[in-house]
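Structure file input_20.txt (compact mmCIF, C-alpha atoms) is printed below.
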```txt
# COMPACT_ATOMS: atom_id res chain seq x y z
CA MET A 1 -30.45 -37.34 18.09
CA ASN A 2 -30.92 -35.33 21.24
CA GLU A 3 -33.10 -32.38 22.13
CA ASN A 4 -30.58 -30.00 20.58
CA CYS A 5 -31.13 -31.62 17.18
CA MET A 6 -34.68 -30.29 17.40
CA ARG A 7 -33.42 -26.74 17.62
CA LEU A 8 -31.86 -26.32 14.19
CA ILE A 9 -34.73 -24.28 12.74
CA ASP A 10 -34.92 -22.05 15.79
CA TYR A 11 -31.17 -21.56 15.69
CA PHE A 12 -31.31 -20.61 12.01
CA ASN A 13 -34.13 -18.22 12.76
CA ARG A 14 -32.46 -16.78 15.84
CA ALA A 15 -35.36 -17.77 18.07
CA LEU A 16 -33.19 -19.26 20.82
CA THR A 17 -32.14 -17.50 24.01
CA PRO A 18 -28.43 -16.67 24.30
CA GLU A 19 -27.94 -19.69 26.56
CA GLU A 20 -29.74 -22.01 24.15
CA THR A 21 -27.74 -20.55 21.27
CA ALA A 22 -24.46 -21.25 23.07
CA ALA A 23 -25.58 -24.79 23.90
CA PHE A 24 -26.64 -25.38 20.30
CA GLU A 25 -23.36 -24.09 18.92
CA GLN A 26 -21.50 -26.48 21.17
CA HIS A 27 -23.80 -29.23 19.99
CA LEU A 28 -23.10 -28.29 16.36
CA ALA A 29 -19.41 -28.94 16.88
CA GLU A 30 -20.22 -32.45 18.07
CA CYS A 31 -23.09 -33.40 15.78
CA PRO A 32 -22.14 -33.88 12.12
CA ALA A 33 -25.80 -34.39 11.18
CA CYS A 34 -26.84 -30.99 12.50
CA SER A 35 -23.86 -29.16 11.08
CA SER A 36 -24.46 -30.65 7.65
CA GLU A 37 -28.18 -29.83 7.85
CA LEU A 38 -27.33 -26.26 8.80
CA GLU A 39 -24.97 -26.01 5.85
CA GLU A 40 -27.69 -27.43 3.63
CA LEU A 41 -30.19 -24.85 4.88
CA ARG A 42 -27.72 -22.09 4.11
CA THR A 43 -27.08 -23.38 0.63
CA LEU A 44 -30.71 -24.03 -0.19
CA THR A 45 -31.81 -20.57 0.92
CA GLU A 46 -29.01 -18.68 -0.82
CA GLY A 47 -31.12 -17.57 -3.75
CA LEU A 48 -34.26 -16.65 -1.83
CA PRO A 49 -33.30 -13.01 -1.13
CA TYR A 50 -33.50 -12.41 -4.88
CA LEU A 51 -37.24 -13.00 -4.69
CA SER A 52 -37.46 -9.58 -3.04
CA GLU A 53 -39.04 -6.91 -5.13
CA GLU A 54 -36.93 -3.89 -5.75
CA ALA A 55 -37.91 -1.28 -3.18
CA ASP A 56 -37.25 2.43 -3.52
CA VAL A 57 -34.30 3.27 -1.36
CA PRO A 58 -35.07 6.34 0.75
CA ALA A 59 -33.28 9.46 -0.37
CA GLY A 60 -30.59 10.26 2.12
CA LEU A 61 -30.03 6.71 3.34
CA LYS A 62 -26.53 6.60 1.95
CA ALA A 63 -25.73 10.01 3.43
CA ASN A 64 -26.96 8.80 6.82
CA VAL A 65 -24.89 5.65 6.69
CA PHE A 66 -21.76 7.57 5.76
CA ALA A 67 -22.43 10.18 8.43
CA VAL A 68 -22.48 7.39 11.01
CA ILE A 69 -19.29 5.96 9.59
CA ASP A 70 -17.55 9.31 9.67
CA ALA A 71 -18.60 9.78 13.28
CA GLN A 72 -17.09 6.42 14.27
CA PRO A 73 -13.91 6.45 16.28
CA ASP A 74 -11.23 4.52 14.51
CA VAL A 75 -11.37 0.99 15.80
CA HIS A 76 -8.70 -1.52 16.54
CA ASP A 77 -9.11 -4.02 13.77
CA GLU A 78 -5.85 -5.90 13.70
CA GLU A 79 -7.64 -8.95 15.04
CA PRO A 80 -11.22 -8.60 13.98
CA PRO A 81 -13.59 -10.27 16.40
CA HIS A 82 -15.79 -12.99 15.03
CA GLN A 83 -18.82 -12.02 17.01
CA ALA A 84 -20.63 -8.79 16.48
CA GLY A 85 -20.45 -6.24 19.22
CA ASN A 86 -17.03 -7.08 20.56
CA VAL A 87 -15.14 -4.24 18.99
CA THR A 88 -13.29 -2.04 21.39
CA PRO A 89 -12.79 1.40 19.97
CA LEU A 90 -9.39 2.82 20.71
CA PRO A 91 -9.61 6.45 21.67
CA GLU A 92 -7.44 8.89 19.82
CA LYS A 93 -5.79 6.38 17.59
CA ARG A 94 -4.29 8.02 14.59
CA ARG A 95 -6.55 7.64 11.62
CA ARG A 96 -5.24 5.31 9.04
CA PRO A 97 -4.51 6.81 5.71
CA ALA A 98 -6.97 5.68 3.14
CA ILE A 99 -5.38 3.57 0.49
CA PRO A 100 -5.34 5.66 -2.62
CA LEU A 101 -6.94 4.53 -5.80
CA LEU A 102 -3.75 3.39 -7.38
CA ALA A 103 -3.36 0.67 -4.79
CA ALA A 104 -6.91 -0.39 -5.36
CA ALA A 105 -6.29 -0.66 -9.06
CA LEU A 106 -3.13 -2.56 -8.38
CA LEU A 107 -4.91 -4.94 -6.08
CA ALA A 108 -7.54 -5.45 -8.69
CA SER A 109 -4.90 -6.36 -11.21
CA LEU A 110 -3.33 -8.77 -8.76
CA VAL A 111 -6.53 -10.63 -8.45
CA THR A 112 -6.53 -12.87 -11.44
CA ASN A 113 -10.21 -12.61 -11.68
CA ILE A 114 -11.72 -13.64 -14.93
CA PHE A 115 -14.55 -11.24 -14.87
CA LEU A 116 -17.55 -12.27 -16.88
CA ALA A 117 -17.92 -9.79 -19.63
CA THR A 118 -21.26 -8.42 -18.77
CA ALA A 119 -22.75 -5.03 -19.14
CA ASP A 120 -24.08 -5.11 -15.63
CA ARG A 121 -21.54 -4.63 -12.90
CA SER A 122 -23.69 -6.32 -10.30
CA ALA A 123 -23.76 -9.50 -12.33
CA GLU A 124 -20.57 -10.93 -11.10
CA PRO A 125 -20.56 -14.44 -9.86
CA ALA A 126 -17.14 -15.19 -8.48
CA VAL A 127 -15.75 -17.28 -11.29
CA GLU A 128 -12.29 -18.72 -11.50
CA GLN A 129 -10.74 -16.31 -9.15
CA ARG A 130 -7.82 -16.76 -6.91
CA ASN A 131 -8.96 -15.79 -3.51
CA TRP A 132 -6.49 -13.24 -2.35
CA GLU A 133 -7.05 -12.67 1.29
CA LEU A 134 -5.63 -9.91 3.35
CA ALA A 135 -3.22 -11.84 5.54
CA ASP A 136 -1.73 -8.91 7.36
CA LYS A 137 -1.20 -5.22 7.11
CA ALA A 138 0.99 -2.51 8.54
CA GLU A 139 0.77 1.20 8.72
CA LEU A 140 4.12 2.79 7.95
CA ALA A 141 4.88 5.96 9.85
CA PRO A 142 7.41 8.64 8.94
CA GLN A 143 10.71 8.35 10.76
CA GLN A 144 11.48 12.04 10.76
CA GLU A 145 9.39 14.49 12.66
CA GLY A 146 7.25 16.71 10.50
CA ASP A 147 7.46 14.44 7.48
CA PRO A 148 3.91 14.10 6.10
CA SER A 149 4.60 10.88 4.21
CA ASN A 150 2.70 7.73 5.07
CA ALA A 151 2.07 4.32 3.62
CA ILE A 152 0.14 1.16 4.04
CA ALA A 153 1.61 -2.26 3.48
CA LEU A 154 -0.73 -5.16 2.75
CA ILE A 155 0.22 -8.79 2.69
CA LEU A 156 -2.07 -10.72 0.44
CA SER A 157 -2.22 -14.46 0.46
CA ASP A 158 -4.04 -16.91 -1.76
CA GLY A 159 -3.16 -19.83 0.46
CA SER A 160 -0.04 -20.86 -1.42
CA SER A 161 1.78 -17.64 -2.18
CA ARG A 162 2.01 -14.17 -0.74
CA ASP A 163 2.41 -10.71 -2.22
CA LEU A 164 3.44 -7.55 -0.47
CA VAL A 165 1.68 -4.41 -1.68
CA VAL A 166 2.94 -1.06 -0.47
CA ASP A 167 1.13 2.14 -1.18
CA ALA A 168 2.61 5.45 -0.10
CA GLU A 169 1.65 9.07 -0.34
CA ASN A 170 3.12 12.49 0.44
CA LEU A 171 6.57 11.11 -0.26
CA PRO A 172 9.59 13.41 -0.32
CA GLU A 173 11.05 14.31 -3.69
CA LEU A 174 13.78 12.08 -5.04
CA SER A 175 16.96 13.32 -6.63
CA ASP A 176 18.04 11.97 -9.98
CA GLY A 177 18.88 8.32 -9.84
CA GLU A 178 17.27 7.73 -6.49
CA LEU A 179 14.43 5.38 -5.74
CA PHE A 180 12.34 4.17 -2.84
CA GLN A 181 13.29 0.70 -1.66
CA VAL A 182 10.94 -1.45 0.41
CA TRP A 183 12.51 -3.77 3.00
CA VAL A 184 11.10 -6.50 5.17
CA LEU A 185 12.92 -7.48 8.32
CA ASP A 186 12.59 -9.46 11.48
CA ALA A 187 15.33 -9.99 14.01
CA GLY A 188 17.63 -10.89 11.14
CA ALA A 189 18.93 -8.95 8.18
CA PRO A 190 16.62 -6.80 6.07
CA LYS A 191 15.62 -8.14 2.66
CA PRO A 192 14.74 -5.92 -0.28
CA ALA A 193 11.10 -6.37 -1.27
CA GLY A 194 10.37 -4.11 -4.21
CA ALA A 195 11.40 -0.64 -5.31
CA PHE A 196 9.52 2.23 -6.89
CA ARG A 197 9.70 5.87 -7.85
CA SER A 198 6.99 8.27 -6.82
CA SER A 199 4.64 10.01 -9.14
CA GLY A 200 4.60 13.78 -9.50
CA GLU A 201 2.13 13.96 -6.62
CA GLY A 202 4.42 12.11 -4.24
CA THR A 203 2.48 8.87 -4.35
CA GLY A 204 3.90 5.49 -5.16
CA THR A 205 2.80 1.88 -5.18
CA VAL A 206 4.63 -1.37 -5.60
CA SER A 207 3.78 -5.02 -5.31
CA HIS A 208 6.35 -7.71 -4.71
CA PRO A 209 5.95 -11.49 -4.54
CA LEU A 210 7.08 -12.92 -1.24
CA GLY A 211 8.78 -16.17 -2.13
CA SER A 212 9.81 -18.79 0.39
CA LYS A 213 13.13 -17.04 1.08
CA PHE A 214 11.25 -14.30 2.90
CA GLY A 215 10.09 -16.45 5.79
CA ALA A 216 8.58 -14.59 8.71
CA PHE A 217 9.08 -10.89 9.28
CA ASP A 218 7.44 -8.32 11.43
CA THR A 219 8.68 -4.98 10.17
CA ILE A 220 8.45 -3.18 6.87
CA ALA A 221 10.50 -0.11 6.04
CA ILE A 222 11.09 2.19 3.08
CA THR A 223 14.44 3.83 2.45
CA ILE A 224 15.82 6.06 -0.28
CA GLU A 225 18.52 4.29 -2.25
CA LYS A 226 20.58 4.89 -5.34
CA GLU A 227 20.24 1.34 -6.53
CA GLU A 228 17.47 -1.21 -6.43
CA GLY A 229 17.74 -4.44 -4.47
CA LEU A 230 20.94 -3.77 -2.53
CA PRO A 231 21.89 -6.44 0.01
CA ALA A 232 21.39 -3.95 2.86
CA PRO A 233 19.98 -0.44 3.14
CA GLU A 234 22.43 2.42 2.72
CA GLY A 235 20.14 5.43 2.51
CA PRO A 236 17.91 7.12 5.06
CA ILE A 237 14.79 5.38 6.40
CA ILE A 238 11.69 7.31 5.39
CA LEU A 239 8.87 5.12 6.65
CA ALA A 240 8.63 2.09 8.89
CA GLY A 241 5.98 0.07 10.65
CA SER A 242 5.24 -3.27 12.26
CA LEU A 243 2.75 -5.91 11.24
CA MET B 14 -12.44 -0.34 -10.15
CA ASN B 15 -16.15 -0.55 -10.82
CA HIS B 16 -15.58 -4.07 -12.03
CA THR B 17 -13.42 -5.10 -9.13
CA ASP B 18 -14.82 -8.21 -7.51
CA ASP B 19 -16.56 -8.06 -4.15
CA GLY B 20 -13.87 -9.93 -2.25
CA THR B 21 -11.18 -7.47 -3.29
CA LEU B 22 -13.34 -4.48 -2.49
CA TYR B 23 -14.13 -5.99 0.88
CA GLY B 24 -10.42 -6.56 1.56
CA LEU B 25 -9.71 -2.92 0.79
CA ALA B 26 -12.71 -1.71 2.75
CA SER B 27 -11.57 -3.67 5.78
CA SER B 28 -8.31 -1.70 5.53
CA LYS B 29 -10.42 1.43 5.74
CA ASP B 30 -10.35 2.21 2.05
CA ARG B 31 -13.36 4.45 1.91
CA ARG B 32 -13.71 4.43 -1.85
CA ALA B 33 -13.72 0.64 -2.01
CA PHE B 34 -16.27 0.58 0.78
CA GLU B 35 -18.43 3.09 -1.05
CA LEU B 36 -18.35 1.01 -4.21
CA LEU B 37 -19.42 -2.02 -2.22
CA TYR B 38 -22.16 0.02 -0.62
CA ASP B 39 -23.42 1.31 -3.95
CA ARG B 40 -23.36 -2.16 -5.41
CA TYR B 41 -25.53 -3.65 -2.66
CA GLU B 42 -27.55 -0.83 -1.12
CA LYS B 43 -30.68 -1.56 -3.11
CA LEU B 44 -30.58 -5.31 -2.70
CA VAL B 45 -29.94 -5.10 1.04
CA PHE B 46 -32.67 -2.51 1.51
CA SER B 47 -35.16 -4.41 -0.62
CA PHE B 48 -34.44 -7.69 1.13
CA ALA B 49 -34.72 -6.11 4.57
CA TYR B 50 -37.97 -4.49 3.49
CA ARG B 51 -39.22 -7.82 2.18
CA ILE B 52 -38.67 -9.30 5.64
CA ALA B 53 -39.76 -6.40 7.82
CA SER B 54 -42.46 -4.78 5.64
CA ASP B 55 -41.37 -1.53 7.24
CA ARG B 56 -39.20 1.07 5.59
CA GLU B 57 -37.80 2.40 8.84
CA ILE B 58 -36.68 -1.00 9.97
CA ALA B 59 -35.20 -1.66 6.55
CA GLU B 60 -33.25 1.60 6.78
CA GLU B 61 -31.94 0.63 10.19
CA VAL B 62 -30.89 -2.73 8.86
CA VAL B 63 -28.94 -1.19 5.96
CA GLN B 64 -27.22 1.20 8.32
CA ASP B 65 -26.37 -1.45 10.89
CA VAL B 66 -25.06 -3.93 8.34
CA PHE B 67 -22.78 -1.49 6.53
CA VAL B 68 -21.51 0.23 9.66
CA LYS B 69 -20.59 -3.17 11.08
CA ILE B 70 -18.74 -4.02 7.91
CA TRP B 71 -16.86 -0.74 8.04
CA ASN B 72 -15.87 -0.96 11.68
CA GLY B 73 -14.95 -4.61 11.45
CA SER B 74 -17.52 -6.08 13.78
CA ALA B 75 -19.06 -8.10 10.97
CA VAL B 76 -16.30 -10.09 9.34
CA TYR B 77 -16.58 -11.84 5.98
CA GLU B 78 -14.36 -14.87 5.50
CA PRO B 79 -13.69 -15.39 1.79
CA GLY B 80 -13.17 -19.12 2.24
CA LYS B 81 -16.79 -19.56 3.27
CA GLY B 82 -18.64 -18.64 0.11
CA ALA B 83 -19.61 -15.58 -1.88
CA PHE B 84 -19.56 -12.14 -0.29
CA SER B 85 -23.12 -11.51 -1.47
CA SER B 86 -24.41 -14.63 0.32
CA TRP B 87 -22.70 -13.59 3.51
CA LEU B 88 -24.02 -10.05 3.22
CA LEU B 89 -27.57 -11.25 2.69
CA THR B 90 -27.31 -13.60 5.66
CA VAL B 91 -26.15 -10.74 7.87
CA THR B 92 -29.01 -8.66 6.51
CA ARG B 93 -31.59 -11.31 7.25
CA ASN B 94 -30.25 -11.89 10.75
CA LYS B 95 -30.43 -8.22 11.57
CA ALA B 96 -33.91 -7.80 10.11
CA ILE B 97 -35.24 -10.79 12.05
CA ASP B 98 -33.56 -9.63 15.26
CA GLU B 99 -35.04 -6.19 14.81
CA LEU B 100 -38.53 -7.58 14.27
CA ARG B 101 -38.19 -9.77 17.29
CA ARG B 102 -36.88 -6.89 19.38
CA LEU B 103 -39.88 -4.82 18.43
CA GLN B 104 -42.04 -7.78 19.33
CA ARG B 105 -43.89 -7.57 16.10
CA HIS B 106 -42.63 -10.92 15.31
CA ASP B 107 -44.24 -13.72 17.17
CA HIS B 108 -47.69 -12.35 16.88
CA GLU B 109 -49.86 -14.42 14.68
CA PRO B 110 -48.50 -13.56 11.27
CA MET B 111 -50.81 -12.35 8.59
CA VAL B 112 -49.53 -14.29 5.69
CA GLU B 113 -51.35 -14.56 2.47
CA LYS B 114 -51.18 -17.99 1.06
CA ASP B 115 -49.06 -16.86 -1.80
CA ALA B 116 -46.96 -14.18 -0.24
CA LEU B 117 -43.94 -15.87 -1.76
CA LEU B 118 -45.18 -14.83 -5.16
CA GLU B 119 -45.29 -11.12 -5.57
CA GLN B 120 -45.67 -8.78 -8.47
CA PRO B 121 -42.83 -8.62 -10.94
CA GLY B 122 -40.27 -5.98 -10.13
CA SER B 123 -39.67 -2.77 -11.98
CA VAL B 124 -37.73 -2.65 -15.20
CA GLU B 125 -35.03 -0.69 -13.46
CA GLN B 126 -34.14 -3.70 -11.42
CA THR B 127 -30.58 -4.70 -12.14
CA ALA B 128 -30.20 -7.32 -14.80
CA ALA B 129 -28.49 -9.84 -12.53
CA TRP B 130 -31.09 -9.54 -9.85
CA HIS B 131 -33.84 -9.77 -12.42
CA GLU B 132 -32.33 -12.86 -13.92
CA GLN B 133 -31.94 -14.60 -10.58
CA GLN B 134 -35.44 -13.60 -9.65
CA ALA B 135 -36.98 -14.90 -12.85
CA GLU B 136 -35.24 -18.21 -12.34
CA ILE B 137 -36.22 -18.69 -8.74
CA ARG B 138 -39.72 -17.38 -9.33
CA SER B 139 -40.39 -19.97 -11.94
CA ALA B 140 -39.09 -22.60 -9.54
CA VAL B 141 -41.40 -21.27 -6.83
CA LEU B 142 -44.32 -21.84 -9.19
CA GLU B 143 -43.48 -25.53 -9.20
CA LEU B 144 -44.06 -25.74 -5.45
CA ASN B 145 -47.45 -26.48 -4.01
CA PRO B 146 -49.14 -23.75 -1.93
CA GLU B 147 -48.23 -25.43 1.35
CA GLN B 148 -44.59 -25.53 0.35
CA ARG B 149 -44.65 -21.89 -0.67
CA GLU B 150 -46.24 -20.98 2.61
CA ILE B 151 -43.77 -22.83 4.74
CA ILE B 152 -40.82 -21.18 2.96
CA GLU B 153 -42.43 -17.79 3.47
CA LEU B 154 -42.97 -18.41 7.18
CA PHE B 155 -39.59 -19.96 7.73
CA TYR B 156 -37.31 -17.82 5.61
CA PHE B 157 -38.95 -14.44 5.18
CA ARG B 158 -40.84 -14.26 8.47
CA GLY B 159 -38.17 -16.06 10.44
CA LEU B 160 -40.76 -17.67 12.68
CA SER B 161 -39.90 -20.18 15.37
CA GLN B 162 -40.53 -23.84 14.71
CA GLN B 163 -43.46 -23.78 17.12
CA LYS B 164 -45.10 -20.82 15.34
CA ILE B 165 -44.68 -22.51 12.00
CA ALA B 166 -46.22 -25.70 13.39
CA ASP B 167 -49.16 -23.74 14.81
CA HIS B 168 -49.69 -21.76 11.67
CA CYS B 169 -49.51 -24.71 9.31
CA GLU B 170 -51.23 -27.08 11.72
CA LEU B 171 -48.35 -29.49 11.59
CA PRO B 172 -46.88 -31.65 14.34
CA LEU B 173 -43.80 -29.84 15.69
CA GLY B 174 -41.52 -32.73 14.81
CA THR B 175 -42.38 -32.58 11.12
CA VAL B 176 -41.66 -28.89 10.53
CA LYS B 177 -37.96 -29.23 9.79
CA GLY B 178 -38.58 -32.06 7.34
CA ARG B 179 -41.26 -30.08 5.50
CA ILE B 180 -39.01 -27.07 5.21
CA ARG B 181 -36.12 -29.10 3.88
CA LEU B 182 -38.34 -30.87 1.39
CA ALA B 183 -39.75 -27.59 0.05
CA LEU B 184 -36.29 -26.03 -0.23
CA GLN B 185 -34.84 -29.11 -1.88
CA LYS B 186 -37.63 -29.13 -4.42
CA LEU B 187 -37.03 -25.46 -5.14
CA ARG B 188 -33.35 -25.99 -5.61
CA GLY B 189 -33.90 -29.17 -7.62
CA THR B 190 -36.17 -27.35 -10.03
CA ILE B 191 -33.63 -24.61 -10.55
CA THR B 192 -30.84 -27.08 -11.18
CA LYS B 193 -33.00 -29.21 -13.44
CA GLU B 194 -33.89 -26.23 -15.57
CA GLY B 195 -30.24 -25.69 -16.19
CA GLY B 196 -30.08 -22.50 -14.22
CA THR B 197 -26.67 -21.31 -13.31
CA SER B 198 -27.77 -21.39 -9.69
CA TYR B 199 -27.22 -18.43 -7.53
CA GLU B 200 -23.92 -19.26 -5.95
```

Represent the structure from my file as structure tokens, please.
Amino acid sequence: MNENCMRLIDYFNRALTPEETAAFEQHLAECPACSSELEELRTLTEGLPYLSEEADVPAGLKANVFAVIDAQPDVHDEEPPHQAGNVTPLPEKRRRPAIPLLAAALLASLVTNIFLATADRSAEPAVEQRNWELADKAELAPQQEGDPSNAIALILSDGSSRDLVVDAENLPELSDGELFQVWVLDAGAPKPAGAFRSSGEGTGTVSHPLGSKFGAFDTIAITIEKEEGLPAPEGPIILAGSL
Amino acid sequence: MNHTDDGTLYGLASSKDRRAFELLYDRYEKLVFSFAYRIASDREIAEEVVQDVFVKIWNGSAVYEPGKGAFSSWLLTVTRNKAIDELRRLQRHDHEPMVEKDALLEQPGSVEQTAAWHEQQAEIRSAVLELNPEQREIIELFYFRGLSQQKIADHCELPLGTVKGRIRLALQKLRGTITKEGGTSYE
């Protein structure tokens, strides 16, 4: 027990100066008693917000929030900072394409979430779900000038296995018998990682399990092929990007 | 997608999926606003809190880690932190608080309140009733007012060194009552 142990409540209630906060956080790493008491406080207070009475949300609040969001420069979020306020906006970075709904639906189906059958959508304790976390992502850019196609590749991990989800839009039209083939590659040879055909609107989505044979890779590309899962790409590269 | 779980929506939102973000926003706007209002007793501050919390989620400066508990718990913690910071910044905070003895017990909410919220509230409210007035007061001062240990000691006329123990005892009793009554808990 030292004087820092007396500061748990003030730390929880953000009543410490920045210097005291830093000192306490260092102390937390060294004092199992304080870190377990802090965890206990967090657990014991988890339900208290629900004591709040429902307040009328001001009309226009949502519009204000989304106006602020739309006015935000796109930020560099490959390595999200853990402390608030450390984000460095990158000027003039190309806006990421939004992931279309299909990918969202696909993601939802990937999550083996046994959703409690309840009429109220807000009543959803996280039950029996595999925690898919976004492990990495890449924005795939067209390889030919003027091509409007784009895609996002997400690598989802639940700790033991990984899936690659690719979602593309504004794709060029395929001829009969052709398909889009996804590849992952590092310094070595490319490996096929899922194939798909686009919808009428030029969108397409595919998910592919990344077994152990995939190892590490840093680049994802999409080509047009005549056959799925070839040992190496033969057709033109449409989109490519790095993790 | 309306039934997509929070973690998945958050994952999509952090990849700048605006629709997923909007669903998350719609799901929690009222709870976040109401909770911020409960802390700040000021609609303008509560609005600022909602805006700050969701903008930080969108731009990635507030980062949820799925391994560390439910998204809703994290979101409410971020909300509380911001509301308390805002109060403290406006220096409304460490003035002698006007706390009614039973501020922790308020009027029942409207019937429009979402079923889940209502259910959690009913459960925790009945547990609150099992606390003695001093315990209710200390939880109000500590959790909803976010007062410093010294202020709590002054207000409750307790020796400084006993404040933490009193808070823990009150919270443990609250939690114990909920568990004992077979509640599903709010995790």

Non-local contacts of Leu173 in chain B (9 Å; all atoms listed in the file; under 6 positions in same chain excluded) as a compact mmCIF listing (two decimals) with C-alpha atoms, keeping the file's coordinate frame:
```
# COMPACT_ATOMS: atom_id res chain seq x y z
CA GLN B 162 -40.53 -23.84 14.71
CA GLN B 163 -43.46 -23.78 17.12
CA ILE B 165 -44.68 -22.51 12.00
CA ALA B 166 -46.22 -25.70 13.39
CA ASP B 167 -49.16 -23.74 14.81
```

With 8 Å on each side, where is the centre of the axis-aligned box around all listed atoms of range 168-186 of chain B, and how long are its edges in Å to one decimal, as lines of an AutoDock Vina configuration file?
```
center_x = -43.0
center_y = -27.2
center_z = 5.6
size_x = 32.4
size_y = 27.0
size_z = 36.1
```

Given all atoms listed in the file, how would the per-residue table for chain B near chain A read, listing every residue at most 7 Å away with its closest atom pair and distance in Å to one decimal, sorted by chain and number, as a Markdown table?
```
| residue | atom | partner | partner_atom | distance |
| --- | --- | --- | --- | --- |
| B:Met14 | CA | A:Ala105 | CA | 6.3 |
| B:His16 | CA | A:Arg121 | CA | 6.0 |
| B:Thr17 | CA | A:Ala108 | CA | 5.9 |
| B:Thr21 | CA | A:Ala108 | CA | 6.8 |
| B:Gly24 | CA | A:Leu134 | CA | 6.1 |
| B:Lys29 | CA | A:Ala98 | CA | 6.1 |
| B:Asp30 | CA | A:Ala98 | CA | 5.0 |
| B:Arg31 | CA | A:Ala98 | CA | 6.6 |
| B:Arg40 | CA | A:Ser122 | CA | 6.4 |
| B:Lys43 | CA | A:Val57 | CA | 6.3 |
| B:Phe46 | CA | A:Val57 | CA | 6.7 |
| B:Ser47 | CA | A:Ala55 | CA | 4.9 |
| B:Phe48 | CA | A:Ser52 | CA | 5.5 |
| B:Arg51 | CA | A:Ser52 | CA | 5.8 |
| B:Glu60 | CA | A:Leu61 | CA | 7.0 |
| B:Gln64 | CA | A:Val65 | CA | 5.3 |
| B:Val68 | CA | A:Ile69 | CA | 6.1 |
| B:Asn72 | CA | A:Val75 | CA | 6.4 |
| B:Gly73 | CA | A:Pro80 | CA | 6.0 |
| B:Ser74 | CA | A:Ala84 | CA | 4.9 |
| B:Ala75 | CA | A:Ala84 | CA | 5.8 |
| B:Val76 | CA | A:His82 | CA | 6.4 |
| B:Ser86 | CA | A:Glu46 | CA | 6.2 |
| B:Gly122 | CA | A:Glu53 | CA | 5.2 |
| B:Ser123 | CA | A:Glu54 | CA | 6.9 |
| B:Gln126 | CA | A:Glu54 | CA | 6.3 |
| B:Ala128 | CA | A:Asp120 | CA | 6.6 |
| B:Ala129 | CA | A:Ala123 | CA | 4.7 |
| B:Trp130 | CA | A:Tyr50 | CA | 6.2 |
| B:Gln133 | CA | A:Tyr50 | CA | 6.3 |
| B:Gln134 | CA | A:Tyr50 | CA | 5.3 |
| B:Arg138 | CA | A:Leu51 | CA | 6.8 |
| B:Gly159 | CA | A:Asn13 | CA | 5.1 |
| B:Leu160 | CA | A:Asn13 | CA | 6.7 |
| B:Ser161 | CA | A:Asp10 | CA | 5.3 |
| B:Gln162 | CA | A:Asp10 | CA | 6.0 |
| B:Lys177 | CA | A:Ile9 | CA | 6.6 |
| B:Leu184 | CA | A:Leu44 | CA | 5.9 |
| B:Gln185 | CA | A:Leu44 | CA | 6.8 |
| B:Arg188 | CA | A:Leu44 | CA | 6.3 |
| B:Tyr199 | CA | A:Gly47 | CA | 5.5 |
```

Residue contacts of Ala96 in chain B (12 Å, all atoms listed in the file) excluding same-chain residues fewer than 6 positions away, as a short mmCIF file (atom, residue, chain, number, x, y, z; two decimals) with C-alpha atoms, in the frame of the given file:
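Everything below was put into out-v6.cif:
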```cif
data_model
loop_
_atom_site.label_atom_id
_atom_site.label_comp_id
_atom_site.auth_asym_id
_atom_site.auth_seq_id
_atom_site.Cartn_x
_atom_site.Cartn_y
_atom_site.Cartn_z
CA ASN A 13 -34.13 -18.22 12.76
CA ARG A 14 -32.46 -16.78 15.84
CA VAL B 45 -29.94 -5.10 1.04
CA PHE B 46 -32.67 -2.51 1.51
CA SER B 47 -35.16 -4.41 -0.62
CA PHE B 48 -34.44 -7.69 1.13
CA ALA B 49 -34.72 -6.11 4.57
CA TYR B 50 -37.97 -4.49 3.49
CA ARG B 51 -39.22 -7.82 2.18
CA ILE B 52 -38.67 -9.30 5.64
CA ALA B 53 -39.76 -6.40 7.82
CA SER B 54 -42.46 -4.78 5.64
CA ASP B 55 -41.37 -1.53 7.24
CA ARG B 56 -39.20 1.07 5.59
CA GLU B 57 -37.80 2.40 8.84
CA ILE B 58 -36.68 -1.00 9.97
CA ALA B 59 -35.20 -1.66 6.55
CA GLU B 60 -33.25 1.60 6.78
CA GLU B 61 -31.94 0.63 10.19
CA VAL B 62 -30.89 -2.73 8.86
CA VAL B 63 -28.94 -1.19 5.96
CA GLN B 64 -27.22 1.20 8.32
CA ASP B 65 -26.37 -1.45 10.89
CA VAL B 66 -25.06 -3.93 8.34
CA LEU B 89 -27.57 -11.25 2.69
CA THR B 90 -27.31 -13.60 5.66
CA ARG B 102 -36.88 -6.89 19.38
CA LEU B 103 -39.88 -4.82 18.43
CA ARG B 105 -43.89 -7.57 16.10
CA HIS B 106 -42.63 -10.92 15.31
CA TYR B 156 -37.31 -17.82 5.61
CA PHE B 157 -38.95 -14.44 5.18
CA ARG B 158 -40.84 -14.26 8.47
CA GLY B 159 -38.17 -16.06 10.44
#
```

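The gap separating CA of Pro18 in chain A from CA of Cys34 in chain A is 18.6 Å, in Å to one decimal.
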
Checklist outcome for this item: Here CA of Ala135 in chain B and CA of Arg149 in chain B stand apart by 16.0 Å

Next on the checklist: Can you pull out the residues contacting range 205-220 of chain A? Cut-off 8 Å, using all atoms listed in the file, and skip same-chain residues under 5 positions away; I want them as number ranges by chain.
Outcome noted: A: 102-103, 106, 138, 140, 153, 161-168, 182-187, 191, 193-196, 198, 240-243

Checklist entry - In Å, with one decimal, what is the gap from CA of Leu171 in chain A to CA of Ser149 in chain A? => result 4.9 Å

Item to check | Counting only C-alpha atoms, the residue of B:Lys186, B:Arg32, B:Leu44, B:Leu37 that sits nearest Arg93 in chain B | outcome: B:Leu44
